[in-house]
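What follows is a short report on a single structure.
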Amino acid sequence: MRRILALLLSATFLVLPVRAAEGTKYVALTFDDGPSGKYTRQLLDGLYDRGVKATFLLCGYRIKDYPDITQRIFDEGHEIGYHGYSHNNMKEMSRRTIAAEIVDTQALLPEGCTPVFLRPPGGCCSDGVRQVAEARQLAILNWSVDPRDWATHDTAAIEKAVLKNIKDGDIVLLHDMTASSVRAALDIVDTLLEEDFEIVTVSELAKVHNVSIRPGQVYTSFPKKEGAVK
């Protein structure tokens, strides 16, 4: 019943236009490398309880291992993007191999899931990555806030690194691969909500700040533009 309700709510949410409220600060939380199994489940539980949507950049080989979690991410209204199939450095790949990484991952995604973002592992980009992304109608998604949560198990340090300078339009890089990262992510959500931030998917962040996403372009944040929808 909970999954059915979540799906209905997500469908309603996607139909409604996104509007930027006067004075509201918007940010997007993104999660790389998953799905991971129990940690992704814990993160999804926490986001569900808080009514928050995030963007998940998924690896094909992990989708293959956890198709049920991938389906849940999609059903609960989160955004899904590509993080390659193998998580190998795309900067060192041929264009044919880069394309295969995307195609092989796409084949494992839930029906109806059509990503608009590619995040090369490590953010490593090249002319080949950009060319393949443009040909596949994908924008390249990087980030503006990186607490390096993959390198530490210090939850407090991760939280501090995100919260000390976060601002309207930021894209936060996190992972759903360890308990410390998940705890930090949910604490960050709680703090941002208390400080009147709205946490949205990356596509929604672009929309509220009046940015048209262009295939092959690299995006690190979506600061508010003049003329953004109110």
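Residue numbering restarts at 1 for every chain of the structure tokens, chains are lettered A, B, ... in their displayed order, and ligands are numbered from 1 as they appear.
The environment of A:Asp104 within 10 Å, counting only C-alpha atoms and disregarding residues fewer than 4 places along the same chain, consists of A:Gly60, A:Tyr61, A:Gly84, A:Tyr85, A:Ser86, A:Ala99, A:Ala100, A:Leu108, A:Leu109.
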Which residues are close to A:Leu58, i.e. within 8 Å by only C-alpha atoms, leaving aside same-chain residues fewer than 4 positions away? Reply as a list in words. Asp32, Asp33, Gly34, Pro35, Arg62, Ile63, Ile80, Gly81, Tyr82, His83 and Gly84 of chain A
Atoms kept (all heavy atoms) for selection, written as an mmCIF file, in the first residue's frame:
data_model
loop_
_atom_site.group_PDB
_atom_site.id
_atom_site.type_symbol
_atom_site.label_atom_id
_atom_site.label_comp_id
_atom_site.auth_asym_id
_atom_site.auth_seq_id
_atom_site.Cartn_x
_atom_site.Cartn_y
_atom_site.Cartn_z
ATOM 1 N N ASP A 32 25.627 9.375 -5.931
ATOM 2 C CA ASP A 32 26.368 8.614 -6.929
ATOM 3 C C ASP A 32 26.615 7.169 -6.496
ATOM 4 O O ASP A 32 26.619 6.846 -5.305
ATOM 5 C CB ASP A 32 27.740 9.258 -7.160
ATOM 6 C CG ASP A 32 27.675 10.479 -8.043
ATOM 7 O OD1 ASP A 32 26.563 10.964 -8.313
ATOM 8 O OD2 ASP A 32 28.753 10.960 -8.466
ATOM 9 N N ASP A 33 26.879 6.339 -7.491
ATOM 10 C CA ASP A 33 27.490 5.007 -7.365
ATOM 11 C C ASP A 33 26.518 3.877 -7.041
ATOM 12 O O ASP A 33 26.909 2.717 -7.104
ATOM 13 C CB ASP A 33 28.604 4.982 -6.321
ATOM 14 C CG ASP A 33 29.791 5.847 -6.687
ATOM 15 O OD1 ASP A 33 29.762 6.453 -7.774
ATOM 16 O OD2 ASP A 33 30.745 5.925 -5.884
ATOM 17 N N GLY A 34 25.299 4.164 -6.658
ATOM 18 C CA GLY A 34 24.375 3.119 -6.256
ATOM 19 C C GLY A 34 23.654 2.490 -7.437
ATOM 20 O O GLY A 34 24.015 2.725 -8.594
ATOM 21 N N PRO A 35 22.608 1.711 -7.087
ATOM 22 C CA PRO A 35 22.135 1.424 -5.725
ATOM 23 C C PRO A 35 23.051 0.451 -4.994
ATOM 24 O O PRO A 35 23.710 -0.366 -5.614
ATOM 25 C CB PRO A 35 20.747 0.815 -5.943
ATOM 26 C CG PRO A 35 20.791 0.255 -7.327
ATOM 27 C CD PRO A 35 21.728 1.112 -8.112
ATOM 28 N N ARG A 62 25.364 -2.092 -10.858
ATOM 29 C CA ARG A 62 24.641 -2.135 -9.587
ATOM 30 C C ARG A 62 23.132 -2.219 -9.809
ATOM 31 O O ARG A 62 22.414 -2.850 -9.030
ATOM 32 C CB ARG A 62 24.999 -0.927 -8.737
ATOM 33 C CG ARG A 62 26.419 -0.991 -8.202
ATOM 34 C CD ARG A 62 26.658 0.068 -7.160
ATOM 35 N NE ARG A 62 27.975 -0.057 -6.570
ATOM 36 C CZ ARG A 62 28.265 -0.854 -5.539
ATOM 37 N NH1 ARG A 62 27.325 -1.600 -5.005
ATOM 38 N NH2 ARG A 62 29.493 -0.915 -5.064
ATOM 39 N N ILE A 63 22.642 -1.578 -10.857
ATOM 40 C CA ILE A 63 21.229 -1.734 -11.206
ATOM 41 C C ILE A 63 20.922 -3.209 -11.461
ATOM 42 O O ILE A 63 19.881 -3.730 -11.041
ATOM 43 C CB ILE A 63 20.870 -0.892 -12.446
ATOM 44 C CG1 ILE A 63 21.081 0.597 -12.179
ATOM 45 C CG2 ILE A 63 19.432 -1.155 -12.878
ATOM 46 C CD1 ILE A 63 20.911 1.465 -13.415
ATOM 47 N N ILE A 80 16.460 9.808 -11.923
ATOM 48 C CA ILE A 80 17.548 8.884 -12.200
ATOM 49 C C ILE A 80 18.380 9.409 -13.354
ATOM 50 O O ILE A 80 17.846 9.856 -14.374
ATOM 51 C CB ILE A 80 17.012 7.481 -12.530
ATOM 52 C CG1 ILE A 80 16.391 6.840 -11.276
ATOM 53 C CG2 ILE A 80 18.123 6.580 -13.087
ATOM 54 C CD1 ILE A 80 15.740 5.483 -11.528
ATOM 55 N N GLY A 81 19.697 9.362 -13.179
ATOM 56 C CA GLY A 81 20.621 9.701 -14.247
ATOM 57 C C GLY A 81 21.656 8.605 -14.398
ATOM 58 O O GLY A 81 21.751 7.695 -13.573
ATOM 59 N N TYR A 82 22.449 8.704 -15.463
ATOM 60 C CA TYR A 82 23.478 7.699 -15.739
ATOM 61 C C TYR A 82 24.784 8.035 -15.026
ATOM 62 O O TYR A 82 25.205 9.193 -14.974
ATOM 63 C CB TYR A 82 23.770 7.639 -17.238
ATOM 64 C CG TYR A 82 22.611 7.215 -18.091
ATOM 65 C CD1 TYR A 82 22.006 8.118 -18.971
ATOM 66 C CD2 TYR A 82 22.127 5.914 -18.059
ATOM 67 C CE1 TYR A 82 20.960 7.736 -19.788
ATOM 68 C CE2 TYR A 82 21.069 5.520 -18.875
ATOM 69 C CZ TYR A 82 20.488 6.440 -19.735
ATOM 70 O OH TYR A 82 19.448 6.053 -20.535
ATOM 71 N N HIS A 83 25.443 6.994 -14.514
ATOM 72 C CA HIS A 83 26.789 7.124 -13.948
ATOM 73 C C HIS A 83 27.707 6.076 -14.585
ATOM 74 O O HIS A 83 28.673 5.624 -13.978
ATOM 75 C CB HIS A 83 26.722 6.942 -12.427
ATOM 76 C CG HIS A 83 27.903 7.505 -11.692
ATOM 77 N ND1 HIS A 83 28.477 8.720 -11.990
ATOM 78 C CD2 HIS A 83 28.623 7.002 -10.640
ATOM 79 C CE1 HIS A 83 29.481 8.951 -11.164
ATOM 80 N NE2 HIS A 83 29.604 7.919 -10.344
ATOM 81 N N GLY A 84 27.359 5.712 -15.814
ATOM 82 C CA GLY A 84 28.102 4.674 -16.508
ATOM 83 C C GLY A 84 27.646 3.294 -16.083
ATOM 84 O O GLY A 84 26.897 3.128 -15.121
#
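Closest approach to A:Trp150 among A:Pro215, A:Pro67, A:Phe31, A:Val52 is made by A:Phe31 (distances from only C-alpha atoms).
Here atom CA of A:Ile73 and atom CA of A:Arg96 stand 28.7 Å from one another.
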So which residues of stretch 98-229 of chain A fall under helix (DSSP H, G or I) by DSSP, listed as a VMD selection string? chain A and resid 98 to 106 121 to 123 127 to 135 149 to 151 155 to 163 179 to 194 202 to 208
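Between A:Leu192 and the residues A:Asp176, A:Glu159, A:Glu111, A:Glu101, the shortest atom-to-atom distance, using only C-alpha atoms, involves A:Glu159.
For the pair atom CA of A:Arg130 and atom CA of A:Ile166, the interatomic distance is 27.7 Å.
Those residues of stretch 15-159 of chain A that DSSP, working from the backbone, places in strand (DSSP E) are A:Lys25, A:Tyr26, A:Val27, A:Ala28, A:Leu29, A:Thr30, A:Phe31, A:Asp32, A:Thr55, A:Phe56, A:Leu57, A:Leu58, A:Glu79, A:Ile80, A:Gly81, A:Tyr82, A:Phe117, A:Leu118, A:Ala139, A:Ile140, A:Leu141.
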Residue neighbourhood A:Arg183, 7 Å, only C-alpha atoms, exclusion window fewer than 4 positions, as a PyMOL selection string: chain A and resi 155+179+187
Please save all heavy atoms of the selected residues as a tab-separated table (two decimals), in the first residue's frame.
chain	number	residue	atom	x	y	z
A	155	THR	N	30.52	11.55	10.10
A	155	THR	CA	29.23	12.13	9.71
A	155	THR	C	29.19	13.63	9.93
A	155	THR	O	28.73	14.39	9.06
A	155	THR	CB	28.09	11.45	10.51
A	155	THR	OG1	28.09	10.06	10.21
A	155	THR	CG2	26.75	12.04	10.14
A	179	ALA	N	26.98	3.90	5.80
A	179	ALA	CA	26.07	4.37	6.84
A	179	ALA	C	26.32	5.83	7.17
A	179	ALA	O	25.38	6.60	7.38
A	179	ALA	CB	26.22	3.50	8.09
A	187	ASP	N	20.57	14.12	7.94
A	187	ASP	CA	20.77	15.26	8.84
A	187	ASP	C	20.83	16.56	8.04
A	187	ASP	O	20.29	17.60	8.46
A	187	ASP	CB	22.05	15.09	9.65
A	187	ASP	CG	21.93	14.02	10.73
A	187	ASP	OD1	20.79	13.59	11.02
A	187	ASP	OD2	22.98	13.62	11.28
Please determine, counting only C-alpha atoms, which residue among A:Phe117, A:Tyr66, A:Phe197, A:Tyr219 has the shortest atom-to-atom distance to A:Ser144. A:Tyr219
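When only C-alpha atoms are used to measure the gap to A:Gly128, the shortest distance among A:Gly216, A:Val182, A:Ala157, A:Gly112 belongs to A:Gly216.
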Would you please work out which residue, of A:Asp149, A:Thr220, A:Val116, A:Lys25, is nearest to A:Ala135 when using only C-alpha atoms? A:Val116
Have a look at atom CA of A:Leu174 and atom CA of A:His87 and let me know their distance in Å, one decimal. 15.6 Å
Among listed residues A:Cys124, A:Val145, A:Leu57, A:Val211, nearest A:Lys224 (using only C-alpha atoms): A:Val211
